[in-house]
Each structure stands twice: as structure tokens, then as C-alpha cells.
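Participant: Okay, here's the structure, questions in a sec.
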2 protein chains.
Amino acid sequence: KFTRLKRDVAQINVDPLQRGGILTPEARAALVEWGDGYSICDFCAGMLDHIRNPPVEEFVHSILPEFLDIDEVRVTHGAREGKFAAMHSLCQKGDFVVMDGNAHYTSVLAAERAGLNVEYVPSSKEPDYAISSEGYALAIERAYEKKGNVTLALLTYPDGNYGNLADARAIADVCHDYGVPLLLNGAYSVGRMPVKARELGADIIVGSGHKSMAACGPVGVLGASEEYARIIFKPSATKKNKEVELLGCTVRGAPLITLMASFPTVVERVGRWPEELENARWFSSEMEKMDLVQVGDRPHNHDLMFFLTERLYDISQTAKGGRYFLYREMKDRGVCGIKPGLTRQFKLSTYGLGRPELEVVLNALSEIIESHE
Amino acid sequence: KFTRLKRDVAQINVDPLQRGGILTPEARAALVEWGDGYSICDFCAGMLDHIRNPPVEEFVHSILPEFLDIDEVRVTHGAREGKFAAMHSLCQKGDFVVMDGNAHYTSVLAAERAGLNVEYVPSSKEPDYAISSEGYALAIERAYEKKGNVTLALLTYPDGNYGNLADARAIADVCHDYGVPLLLNGAYSVGRMPVKARELGADIIVGSGHKSMAACGPVGVLGASEEYARIIFKPSATKKNKEVELLGCTVRGAPLITLMASFPTVVERVGRWPEELENARWFSSEMEKMDLVQVGDRPHNHDLMFFLTERLYDISQTAKGGRYFLYREMKDRGVCGIKPGLTRQFKLSTYGLGRPELEVVLNALSEIIESHE
Ligand SMILES: Cc1ncc(COP(=O)(O)O)c(C=O)c1O
Ligand SMILES: Cc1ncc(COP(=O)(O)O)c(C=O)c1O
């Protein structure tokens, strides 16, 4: 029962979670070569990030810092684990972390696990859900009124619901005026689009290998400017070559090799971001021709988009299968990734899909609408 | 450079870290099928451990609790992450954790990361390095003398240096007399030999998928009796279906599927443990015929063994390549896994190697010794 499990997905998977994590052929080959247990640890002299065979050291200490434009980088199990490591090491229990109202649940959980209070920066609500830099100033002030110690701010860049890209630079400036470092959650940007921490003013940045860097989960990256890296990556008091927050080492297996194997392709696709954006905007405009309305930033600046789809909801009221009709009928047409049961609103991503594939998605939707109305 | 990395290991790898993590053919196939990013999350309704397609729910909530004989189990990134989760949730900063002097560095780091003090139970030193239950009583008393609050005890079962199996049941009884729960670190036992938490008196248990369960790293298991599971796996105050210590979910990718795919084979090999033990003991006796002396439990009760090898050290004094001669000459004979540079003492594991392969290892050593002396 557990031995020959097959993954039951359609040809085209528009789930935002899945689009950026599809392996390159090189990463797939790496999985087979490095699949065994602790495969990458054969030649470890005590620190994962300094392993030279395979060349982890160069990847972690030269390539990634340059890619993210930040002083120090380490490999983590994912974006959430990076956020927790930063919060756990930089903040004290009871401190406040200020974060955007669009933040992913994992940011909230990381704060909760670290014993922190959260002060939210509310979004502008429907239909923009925008996050402003003034909102960060107000949230910090509110925390101060509660006698809170604000030791970290977090911006979801972009957020995982609307794919909105706030003005990170302006937000960083506001946070820095208050002496608060900014953590940029790049789970949906690092590996998809150009993200340079220094330019954006981010002091700490996290990325997600399985979400946006064509890697097998769980794997992610955590970068920090020197000032904060010193604290986050502090070595143990007794085990001198082991970093406490990483419990010595993190991804001790093939997922790290897939991150490395895909990396040249990832760099190249980041360079093709303008094309991706054009595809996303074109897709959005085609959806709107069917009265499926995109909310969030307009024009949109990311491949993750949220649509209000009242028309499909109306159909679900009488369709066979009820609210599951959309999932089934899309799957019959070779498309999955819209959450089963959703009809009134959903998000999807166009990342890495060419026009012909996006046309399959659009045609499926228009066929379904026509066949029911 | 990063795209076509090959793993450069010999035919027979006796590194204890590597023996129990070699994938089954089923797990290797699973890696290819489930390699993409968050592959296992296609049908997630919000909780990783309740995913039904693939059948994670049955695996985590029925199969694993029965296998470990404990109330609740979750999947983690590995043994260390499980230990940290338990310490972080069960103990307060400044509390004391009592652990065996043979404990793995990751137990120490987990305690340090959680802000805990460590009181060690010293081993009996050379050549047995034994850990006694009285030692736990004394360590708890010492912590009390320091006005410490002892909220957890940990036993490494077996330890990663000597492969010693202490009397867990007796240690559990002592800890329970003091009202202290016992965490059993089964990184080197769960998946290799029969381990039943309830029988051994363990309140919490961790295992390592990549080390001992034929899985691709990083993945592990964390089990707890109901009393402690309630605390360790507490849901978030605001995100009701997400467990705080797990940051919502842990292994969101193929390593979990490899754990599942290998599991039937793992159950079967655990049943063959007596054979494994016989092989280990036979190997040890053959080593001693060459004056390579096994320390730790005698007769030995585990496949991980530590040898004092003065004879090889003597050879290294004049051999070409100095202290690296052994690594090179073993590799020439198709054997790796003794740490490069070590000659005077080293550990290795016989796990999963049949007599013919163990003979290759023994012959390699005896040839090397003969050719130099
Ligand atoms: C915005 C955002 N951040 C973080 C995450 C979590 O990423 P990871 O799985 O790498 O922790 C997600 C996952 O959906 C996300 O959407
Ligand atoms: C005794 C022992 N415990 C724990 C670990 C760490 O296991 P994991 O990589 O699953 O955290 C090791 C690794 O060598 C070990 O030897």
C-alpha cells in the first residue's frame, strides 16, 4: 500500500504551491544519485555548509549570498523554519513582531512558537489588499503604546493570497527609522523573480526551495546582513563548530542537492521574469473577459493571482457534484490546482506555463462556463 | 558545476551514518515520482499528517504509533528537530535536562537552543562507557542541589559513538520516581531493531528516517505518550488546525514518501535483528583476531561498534599519505566510511551487510596490515 504510491495530478497544475517547485531534469537526476539517507555527509568535516564534496561550501558561502545580495546565507528546511530561527534568536519572549496583514500563517506560527506578540499592519481590504509603509509606522506605534518591545518587522513579498508586492524599500526605511530590522519573506519571490535584499533594505531574507527554487522539499534559504547573521548563526558555547539555531545542520540529504542542481536554471529563469509577468497579465486580462475578476495589485506584478469567480459559484448551485464540479471538470480537461471545492474565489499561478498551456486553462474554464449556462 | 554532481563513494560504505539510510528500490522510485517541491501537498486540507492521498494519515496516525508503541506520532525533519520540539515545548528556559554522557551533540544543541541547562550522567569510562540508572538518580539530585528544575531526561539508545544500549527500562523507572519524563533518542535504533516505547518506559521517542529507516534525509519521527503529546503537539491559538511546534507542517516533500515506501521493508528488517546482531558480533570477533579491539558493551548489542586500532596507527607513522593511508587503501579495496584521517580508533557499522561483504572489509584490513608490517 505504501510502496508504490503514484501522484495523481493532471498535466497542468496551476496550484501556486506547485508551480515554482517543479524539478529540473538535473535535479531529478540528483535525487536518484543522492537519495540515500545522509548522502551529502560522506565528506563532512563537521559543518554542513562547509562540505566541499559535493560543493556545498561554494554554493552556500559564495553563490547564494551573491544571488540574494546579502552577507551570510544558510540552508534551512524552508521559509517557515528560517523565519522561526530568526525570530527565536533575535527576539525575546514577549517581544513584538510587526507583520503585514497578508502574512502567511507560517509567519504567525513562527512568532507564536517563539513566544512573540504580533502587531499586524492591516491591508487596505477589498479589492486591493495593499500594504503601506505608513501602516508599519502605525503598527510599531501601537505596539509601543502597549509597552511592547518591537524587535522585528516582517513583510510577505509577495503574499501568498493575492501575490501583492508591497514597496519593500519604503517599508524597510520606516522600520529602520524605528531601529527595527526587516525580515523579507521571499517564499514566493526568491527563485522566481529578481530579489536583492540590500536593494530592498531587507536585513533578513528567507526563501523556499520547494516553493520557488525548483527543489525537492523540504529545503529553503535564510540570509542575513552581518549584524544579524552574527546572532542568528551563533556557534554553540560547547560545540564550537555547530550553529545553535540550525541544530548543527539542517538539510542533510538530497533536497539540498536538488537546490544546487536546479540553481543554474533558476538563475536563468529569474532573468526571464519580464516574460513571466507578461504572461500573467495576459492571463488575467483573458480571465476578466469571462467576468472572472482579479483582485490585488492591478496591473499585477506576480504570477500568483486571486480571482473572484461568482459565475462559477452560480453554476455550482445546480451542477452535478455541487461545489466539487469545478475541480472535476477542470481535471477532465487536464488541469488541476484549483483547490477542490472552491468555486467562488480561488488563486492560481501561471508560473512557468507558456501561452499554449495557459490557453488550455482558459479554454477549460470557458468551456465549463458555456456548457453550464 | 552544480548540475551533474556524482556521489563519490566506494561499493561498501561502513559509515554508521550511512548504513541504515540506504534507500529501498521502492523509496528510490518514490523519489522520482514525488520529487517536485511540495508534491505531497496536492490534496492537503490543512494538516500534513491528515493527508489521505497519499495515505499520510494512516501512516502517521495508525502505522507509526503501533510501530513505536506510543500514543501519538508526528513526522519531523530528523531526530534533532524532534528533540528540540520536545524540549522547547515541555521545558522552560533555565530548566535542567539530564542526559547521558554519551549523548549526541544534537541533544546538547537542542538543549542549548531551548535555553536549558544540561546535567550529564557520566559514563563508566574506558573500555565500557556504560550508563547506569543510578547515574540518572545522582544527576537529578545534583541538578536539585543547584536549585534546578529538572523537566526532562534523555537517553541515547544506543549512543552514536559506542553503540551501547543502556537499560532504558531501569533508567525510565528512576526518572519516573522523580516525576521526570524520559525522552529516548532512537536515532540509531528505530528502524533497525525492535523498539517499543511503552515497554522501555519512554514517554517521548525520536527516530531518524535518514539514519535508520531507509529514507531520504531530512525526515524523522517524534512520538509521545498522550500526557506529553498534548503539550508538544498543541494547536495554535489562532490557526486552529496547525500545530505550533511543527510550524504547521514539517516534511512537505518526497523524503516523507520515501519513509513510507521503505516502511514495509523496514518492518521486515527489524524482524531480522537477531541476524544483524550475530553478524556484528562475528565481525567484532574477527577484528579482535587482528588485535583491533572493540570497546563499549561486550558482547555487543548493536551494529555500531567502536574499535581501538593501535596497530593501524603505528603503520600510519611511516605509511605513504600518513594518517590518510587507511582511507585511501580501504577505498582502493572498495570500502569507505572510516573517517578520512582516522587510524588510531574509529567506529563503523555492519548493518545490512552480509557475511561476504563483511569479509571484504575484514580482508581489506588484514591485507593492509600485512602489506605494511
Ligand atoms: C507567503 C508564504 N510564505 C511561506 C510559506 C511557507 O513556505 P515553506 O514551506 O518553505 O515554509 C508559504 C507557503 O505556502 C507562503 O505562501
Ligand atoms: C545518536 C544520534 N542521535 C541523533 C543524531 C542526529 O540524527 P538526525 O540527523 O536525524 O537529527 C545522530 C546523528 O549522527 C546520532 O548519532
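Ordering of the C-alpha cells sets the chain letters (A, B, ...); residue numbers start at 1 within each chain; ligands are numbered from 1 in the order shown.
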Please list as a PyMOL selection string every residue within 12 Å of A:Glu268, counting only C-alpha atoms and excluding residues in the same chain fewer than 6 positions away.
Facilitator: chain A and resi 67+191-194+213+262
Participant: Pull all heavy atoms from the residues just selected and write them as a JSON list (two decimals), in the first residue's frame.
Facilitator:
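For reference, result-v8.json as written:
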[["chain", "number", "residue", "atom", "x", "y", "z"],
["A", 67, "PHE", "N", 23.54, 35.82, -4.98],
["A", 67, "PHE", "CA", 22.19, 35.72, -5.58],
["A", 67, "PHE", "C", 21.17, 36.56, -4.80],
["A", 67, "PHE", "O", 20.34, 37.25, -5.38],
["A", 67, "PHE", "CB", 21.78, 34.24, -5.59],
["A", 67, "PHE", "CG", 20.43, 33.97, -6.18],
["A", 67, "PHE", "CD1", 20.18, 34.20, -7.54],
["A", 67, "PHE", "CD2", 19.40, 33.45, -5.40],
["A", 67, "PHE", "CE1", 18.93, 33.93, -8.09],
["A", 67, "PHE", "CE2", 18.15, 33.18, -5.95],
["A", 67, "PHE", "CZ", 17.92, 33.42, -7.29],
["A", 191, "GLY", "N", 13.88, 32.96, -6.41],
["A", 191, "GLY", "CA", 13.90, 31.82, -7.32],
["A", 191, "GLY", "C", 12.93, 31.99, -8.48],
["A", 191, "GLY", "O", 12.95, 31.20, -9.43],
["A", 192, "ARG", "N", 12.04, 32.98, -8.38],
["A", 192, "ARG", "CA", 11.10, 33.27, -9.45],
["A", 192, "ARG", "C", 11.46, 34.59, -10.14],
["A", 192, "ARG", "O", 11.45, 34.68, -11.36],
["A", 192, "ARG", "CB", 9.67, 33.41, -8.91],
["A", 192, "ARG", "CG", 9.07, 32.15, -8.34],
["A", 192, "ARG", "CD", 7.83, 32.48, -7.53],
["A", 192, "ARG", "NE", 6.59, 32.02, -8.14],
["A", 192, "ARG", "CZ", 5.97, 30.89, -7.84],
["A", 192, "ARG", "NH1", 6.48, 30.07, -6.96],
["A", 192, "ARG", "NH2", 4.84, 30.55, -8.42],
["A", 193, "MET", "N", 11.71, 35.61, -9.33],
["A", 193, "MET", "CA", 11.94, 36.96, -9.83],
["A", 193, "MET", "C", 13.19, 37.53, -9.17],
["A", 193, "MET", "O", 13.66, 37.00, -8.17],
["A", 193, "MET", "CB", 10.71, 37.83, -9.51],
["A", 193, "MET", "CG", 10.33, 37.82, -8.03],
["A", 193, "MET", "SD", 8.86, 38.80, -7.65],
["A", 193, "MET", "CE", 9.59, 40.42, -7.49],
["A", 194, "PRO", "N", 13.74, 38.60, -9.72],
["A", 194, "PRO", "CA", 14.94, 39.17, -9.09],
["A", 194, "PRO", "C", 14.60, 39.72, -7.70],
["A", 194, "PRO", "O", 13.64, 40.47, -7.55],
["A", 194, "PRO", "CB", 15.32, 40.32, -10.04],
["A", 194, "PRO", "CG", 14.62, 40.04, -11.33],
["A", 194, "PRO", "CD", 13.36, 39.32, -10.95],
["A", 213, "MET", "N", 12.22, 27.43, -5.94],
["A", 213, "MET", "CA", 13.58, 27.26, -6.44],
["A", 213, "MET", "C", 13.79, 25.90, -7.08],
["A", 213, "MET", "O", 14.91, 25.39, -7.14],
["A", 213, "MET", "CB", 14.58, 27.50, -5.31],
["A", 213, "MET", "CG", 14.47, 28.91, -4.68],
["A", 213, "MET", "SD", 15.58, 29.16, -3.29],
["A", 213, "MET", "CE", 17.11, 29.61, -4.16],
["A", 262, "SER", "N", 19.37, 22.52, -9.58],
["A", 262, "SER", "CA", 18.45, 23.39, -10.31],
["A", 262, "SER", "C", 18.94, 24.82, -10.40],
["A", 262, "SER", "O", 18.41, 25.61, -11.18],
["A", 262, "SER", "CB", 17.07, 23.40, -9.63],
["A", 262, "SER", "OG", 16.38, 22.20, -9.89]]
Participant: Taking only C-alpha atoms and all ligand atoms into account, which residues are within 8 Å of ligand 1, as a ChimeraX atom specification?
Facilitator: /A:17,77-82,103-107,156-161,185-188,207-211,217-220 /B:38,252
Participant: Using only C-alpha atoms, which residues sit within 9 Å of stretch 318-322 of chain B once same-chain residues fewer than 5 positions away are excluded, as number ranges by chain?
Facilitator: B: 328, 341, 372
Participant: Counting only C-alpha atoms and all ligand atoms, what are the residues of chain A within 9 Å of ligand 2, and for each of them which pair of atoms is the nearest and at what distance in Å, to one decimal? Sort the table by chain and rising number, as a Markdown table.
Facilitator:
| residue | atom | partner | partner_atom_place_in_ligand_line | distance |
| --- | --- | --- | --- | --- |
| A:Tyr38 | CA | ligand 2 | 9 (O) | 7.8 |
| A:Leu247 | CA | ligand 2 | 11 (O) | 8.2 |
| A:Gly248 | CA | ligand 2 | 11 (O) | 9.0 |
| A:Cys249 | CA | ligand 2 | 9 (O) | 8.1 |
| A:Thr250 | CA | ligand 2 | 9 (O) | 8.3 |
| A:Val251 | CA | ligand 2 | 9 (O) | 8.9 |
| A:Arg252 | CA | ligand 2 | 9 (O) | 7.0 |
Participant: Leaving out B:Glu357 and any residue of its chain fewer than 4 positions from it, which residues lie within 10 Å of it when counting only C-alpha atoms, given as a ChimeraX atom specification?
Facilitator: /B:11-12,335,350,352-353,361-363
Participant: Taking only C-alpha atoms into account, name the residue in B:Ser285, B:Ser89, B:Ser371, B:Ser366 that is nearest to B:Ile232.
Facilitator: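 When distances to B:Ile232 are compared using only C-alpha atoms, the smallest one comes from B:Ser89.
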Participant: Quick one: DSSP alpha helix (DSSP H) residues in stretch 85-317 of chain B, as a ChimeraX atom specification?
Facilitator: /B:85-90,105-113,133-145,168-177,197-200,209-212,226-232,254-271,273-289,310-316
Participant: Can you tell me which residues surround A:Cys41 at a distance of at most 12 Å, considering only C-alpha atoms, apart from same-chain residues fewer than 6 positions away, and format the answer as a VMD selection string?
Facilitator: (chain A and resid 34 47 to 56 249 to 254 256 to 257) or (chain B and resid 7 to 9 15 to 18 21 210 to 211 217 to 218 337 339)
Participant: Among the residues of stretch 174-328 of chain B, find those DSSP assigns to strand (DSSP E) from the backbone and print them as an NGL selection string.
Facilitator: :B and (182-185 or 204-208 or 220-224 or 293-295 or 304-308)
